[in-house]
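Everything below concerns the one structure shown next.
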Amino acid sequence: MKITVISGSIVGSKTKTAMSKVVEMIENKYSEHEVTLLDLADYKVEFSDGRNFFEYEGDTKYVAETIMGADAIIIGTPVFQASIPGTLKNIFDLLPVNAFRDKVVSMLVTAGTPKHYLMVEQQLKPILAYMKAQIVQTYVFIEEKDFYRKEITNDDVLFRMERLVEDTVVLTETYRSIREAKEAKYDF
């Protein structure tokens, strides 16, 4: 299984810290799976201009193809102006409408205040549903107070992150076996 972990911002450190921890959790518990961290701060991604994702070059093509090649995606995003950052929205715009069909997608959100916890329900989940993702319904919301010196210090948050990783892997394996059983009926 290929798991792509996205740190969806080019500024700040909290989302990158959380997503690096997610990668560590996957590598420790599910070492048989291939995991790739796409920290958008490390790539020069062009603005979407309507082309097919495979027509781009360089970092833009690499990021889009890595996402398209994944079986599961864990998206990490901060909350900017009560919404997702433009860098993450641009990634969605680069991809085709069915980009997440047959992919399990889960979410982790970092925010300075608990006031924005519904951003996932009102903005991120509708985008992912439109793009045909199999969405892990629970997500992890991490507040400013849960970090200290670029470390997550809240044990409950760490437990919920471990559960998010587990739910993502189990759901991906479950959907895969259901699809394989269904396809076997067609005898192709």
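Chain labels run A, B, ... following the order of the structure tokens; each chain numbers its residues from 1, and ligands are numbered from 1 in the order shown.
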Test item: residues at most 12 Å from Ser31 in chain A, only C-alpha atoms, excluding those fewer than 4 positions along its chain, as a list of chain:residue names: A:Met1, A:Lys2, A:Ile3, A:Val23, A:Glu24, A:Met25, A:Ile26, A:Glu27, A:Val35, A:Val169
Now that the selection is made, can you save its residues with N, CA and C atoms as a compact mmCIF listing (two decimals), in the first residue's frame?
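Okay, result-v7.txt is ready:
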```txt
# COMPACT_ATOMS: atom_id res chain seq x y z
N MET A 1 0.84 -1.18 0.00
CA MET A 1 0.00 0.00 0.00
C MET A 1 0.89 1.24 0.00
N LYS A 2 0.51 2.21 -0.80
CA LYS A 2 1.22 3.49 -0.85
C LYS A 2 0.39 4.52 -0.08
N ILE A 3 1.02 5.14 0.91
CA ILE A 3 0.37 6.17 1.72
C ILE A 3 1.11 7.47 1.50
N VAL A 23 4.02 10.30 9.89
CA VAL A 23 4.93 9.45 9.11
C VAL A 23 5.68 8.50 10.04
N GLU A 24 6.15 9.02 11.14
CA GLU A 24 6.86 8.18 12.13
C GLU A 24 5.95 7.05 12.63
N MET A 25 4.70 7.38 12.92
CA MET A 25 3.75 6.37 13.40
C MET A 25 3.51 5.29 12.35
N ILE A 26 3.37 5.69 11.10
CA ILE A 26 3.17 4.72 10.01
C ILE A 26 4.39 3.82 9.88
N GLU A 27 5.57 4.42 9.88
CA GLU A 27 6.80 3.64 9.72
C GLU A 27 7.00 2.67 10.88
N VAL A 35 5.47 4.87 2.59
CA VAL A 35 4.93 6.17 2.98
C VAL A 35 5.79 7.28 2.40
N VAL A 169 -5.35 3.01 7.50
CA VAL A 169 -4.80 1.77 6.96
C VAL A 169 -5.88 0.68 6.90
```
Proximity check range 36-154 of chain A to range 16-21 of chain A, 10 Å, nearest pairs one decimal Å, only C-alpha atoms, as JSON lines:
```
{"residue": "A:Leu37", "atom": "CA", "partner": "A:Ser20", "partner_atom": "CA", "distance": 7.6}
{"residue": "A:Leu38", "atom": "CA", "partner": "A:Met19", "partner_atom": "CA", "distance": 9.3}
{"residue": "A:Asp39", "atom": "CA", "partner": "A:Lys16", "partner_atom": "CA", "distance": 6.9}
{"residue": "A:Leu40", "atom": "CA", "partner": "A:Lys16", "partner_atom": "CA", "distance": 9.3}
{"residue": "A:Ala41", "atom": "CA", "partner": "A:Lys16", "partner_atom": "CA", "distance": 9.1}
{"residue": "A:Ile74", "atom": "CA", "partner": "A:Met19", "partner_atom": "CA", "distance": 8.5}
{"residue": "A:Ile75", "atom": "CA", "partner": "A:Met19", "partner_atom": "CA", "distance": 8.3}
{"residue": "A:Gly76", "atom": "CA", "partner": "A:Met19", "partner_atom": "CA", "distance": 6.3}
{"residue": "A:Thr77", "atom": "CA", "partner": "A:Lys16", "partner_atom": "CA", "distance": 8.9}
{"residue": "A:Pro78", "atom": "CA", "partner": "A:Lys16", "partner_atom": "CA", "distance": 9.6}
{"residue": "A:Leu108", "atom": "CA", "partner": "A:Ala18", "partner_atom": "CA", "distance": 8.1}
{"residue": "A:Val109", "atom": "CA", "partner": "A:Ala18", "partner_atom": "CA", "distance": 9.0}
{"residue": "A:Thr110", "atom": "CA", "partner": "A:Ala18", "partner_atom": "CA", "distance": 8.2}
{"residue": "A:Ile142", "atom": "CA", "partner": "A:Ala18", "partner_atom": "CA", "distance": 8.7}
{"residue": "A:Phe147", "atom": "CA", "partner": "A:Thr17", "partner_atom": "CA", "distance": 9.2}
{"residue": "A:Lys150", "atom": "CA", "partner": "A:Thr17", "partner_atom": "CA", "distance": 6.3}
{"residue": "A:Glu151", "atom": "CA", "partner": "A:Thr17", "partner_atom": "CA", "distance": 6.9}
{"residue": "A:Ile152", "atom": "CA", "partner": "A:Ala18", "partner_atom": "CA", "distance": 7.3}
```
Leaving out Met161 in chain A and any residue of its chain fewer than 2 positions from it, which residues lie within 9 Å of it when counting only C-alpha atoms, given as a short mmCIF file (atom, residue, chain, number, x, y, z; two decimals) with N, CA and C atoms, in the first residue's frame?
```cif
data_model
loop_
_atom_site.label_atom_id
_atom_site.label_comp_id
_atom_site.auth_asym_id
_atom_site.auth_seq_id
_atom_site.Cartn_x
_atom_site.Cartn_y
_atom_site.Cartn_z
N ALA A 18 3.25 17.88 13.03
CA ALA A 18 2.22 16.84 13.18
C ALA A 18 2.33 15.79 12.08
N LYS A 21 5.19 13.45 12.55
CA LYS A 21 4.83 12.46 13.58
C LYS A 21 3.95 11.37 12.98
N VAL A 22 3.03 11.73 12.11
CA VAL A 22 2.19 10.74 11.43
C VAL A 22 3.06 9.78 10.62
N MET A 25 4.70 7.38 12.92
CA MET A 25 3.75 6.37 13.40
C MET A 25 3.51 5.29 12.35
N LEU A 108 -5.98 15.82 9.29
CA LEU A 108 -5.45 16.33 10.55
C LEU A 108 -5.37 17.84 10.38
N TYR A 139 -11.47 12.97 12.41
CA TYR A 139 -10.22 13.65 12.07
C TYR A 139 -9.60 14.14 13.36
N VAL A 140 -8.35 14.55 13.28
CA VAL A 140 -7.64 15.04 14.45
C VAL A 140 -7.53 16.56 14.34
N ASP A 156 -3.41 12.78 24.60
CA ASP A 156 -4.68 12.47 23.94
C ASP A 156 -4.59 12.73 22.44
N VAL A 157 -3.94 13.80 22.05
CA VAL A 157 -3.75 14.10 20.63
C VAL A 157 -2.91 13.01 19.97
N LEU A 158 -1.85 12.59 20.63
CA LEU A 158 -1.00 11.52 20.08
C LEU A 158 -1.79 10.22 19.93
N PHE A 159 -2.64 9.91 20.90
CA PHE A 159 -3.48 8.72 20.81
C PHE A 159 -4.44 8.84 19.62
N ARG A 163 -4.74 6.52 16.23
CA ARG A 163 -6.02 5.94 15.80
C ARG A 163 -6.35 6.36 14.37
N LEU A 164 -6.05 7.61 14.02
CA LEU A 164 -6.29 8.09 12.66
C LEU A 164 -5.46 7.27 11.65
N VAL A 165 -4.21 7.04 11.99
CA VAL A 165 -3.34 6.23 11.12
C VAL A 165 -3.92 4.82 10.99
N GLU A 166 -4.30 4.23 12.11
CA GLU A 166 -4.87 2.88 12.08
C GLU A 166 -6.15 2.84 11.27
#
```
From the options A:Asp102, A:Glu162, A:Asp59, A:Asp155, which residue's atoms come nearest to Glu180 in chain A, counting only C-alpha atoms? A:Asp102
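Separating CA of Val5 in chain A from CA of Gln122 in chain A is a distance of 21.8 Å.
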Just asking: which residues within chain A are strand (DSSP E) according to DSSP, as JSON, numbers by chain? {"A": [2, 3, 4, 5, 6, 7, 34, 35, 36, 37, 38, 39, 72, 73, 74, 75, 76, 77, 78, 104, 105, 106, 107, 108, 109, 110, 111, 134, 135, 140, 141, 142, 143, 147, 148, 151, 152]}
A:Ala184, A:Val79, A:Ile135, A:Met119 ranked by distance to Ser106 in chain A, top pick (using only C-alpha atoms):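 Checking each of A:Ala184, A:Val79, A:Ile135, A:Met119 against Ser106 in chain A, counting only C-alpha atoms, the winner is A:Ile135.
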For Pro85 in chain A, which of A:Ile10, A:Val45, A:Ile67, A:Ala72 is the closest residue, counting only C-alpha atoms?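 Using only C-alpha atoms, Pro85 in chain A sits closest to A:Ile10.
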Atom pair CA of Asp42 in chain A + CA of Val97 in chain A, distance 25.2 Å
From range 70-106 of chain A, collect each residue whose DSSP state is alpha helix (DSSP H) and return the set as a ChimeraX atom specification. /A:86-94
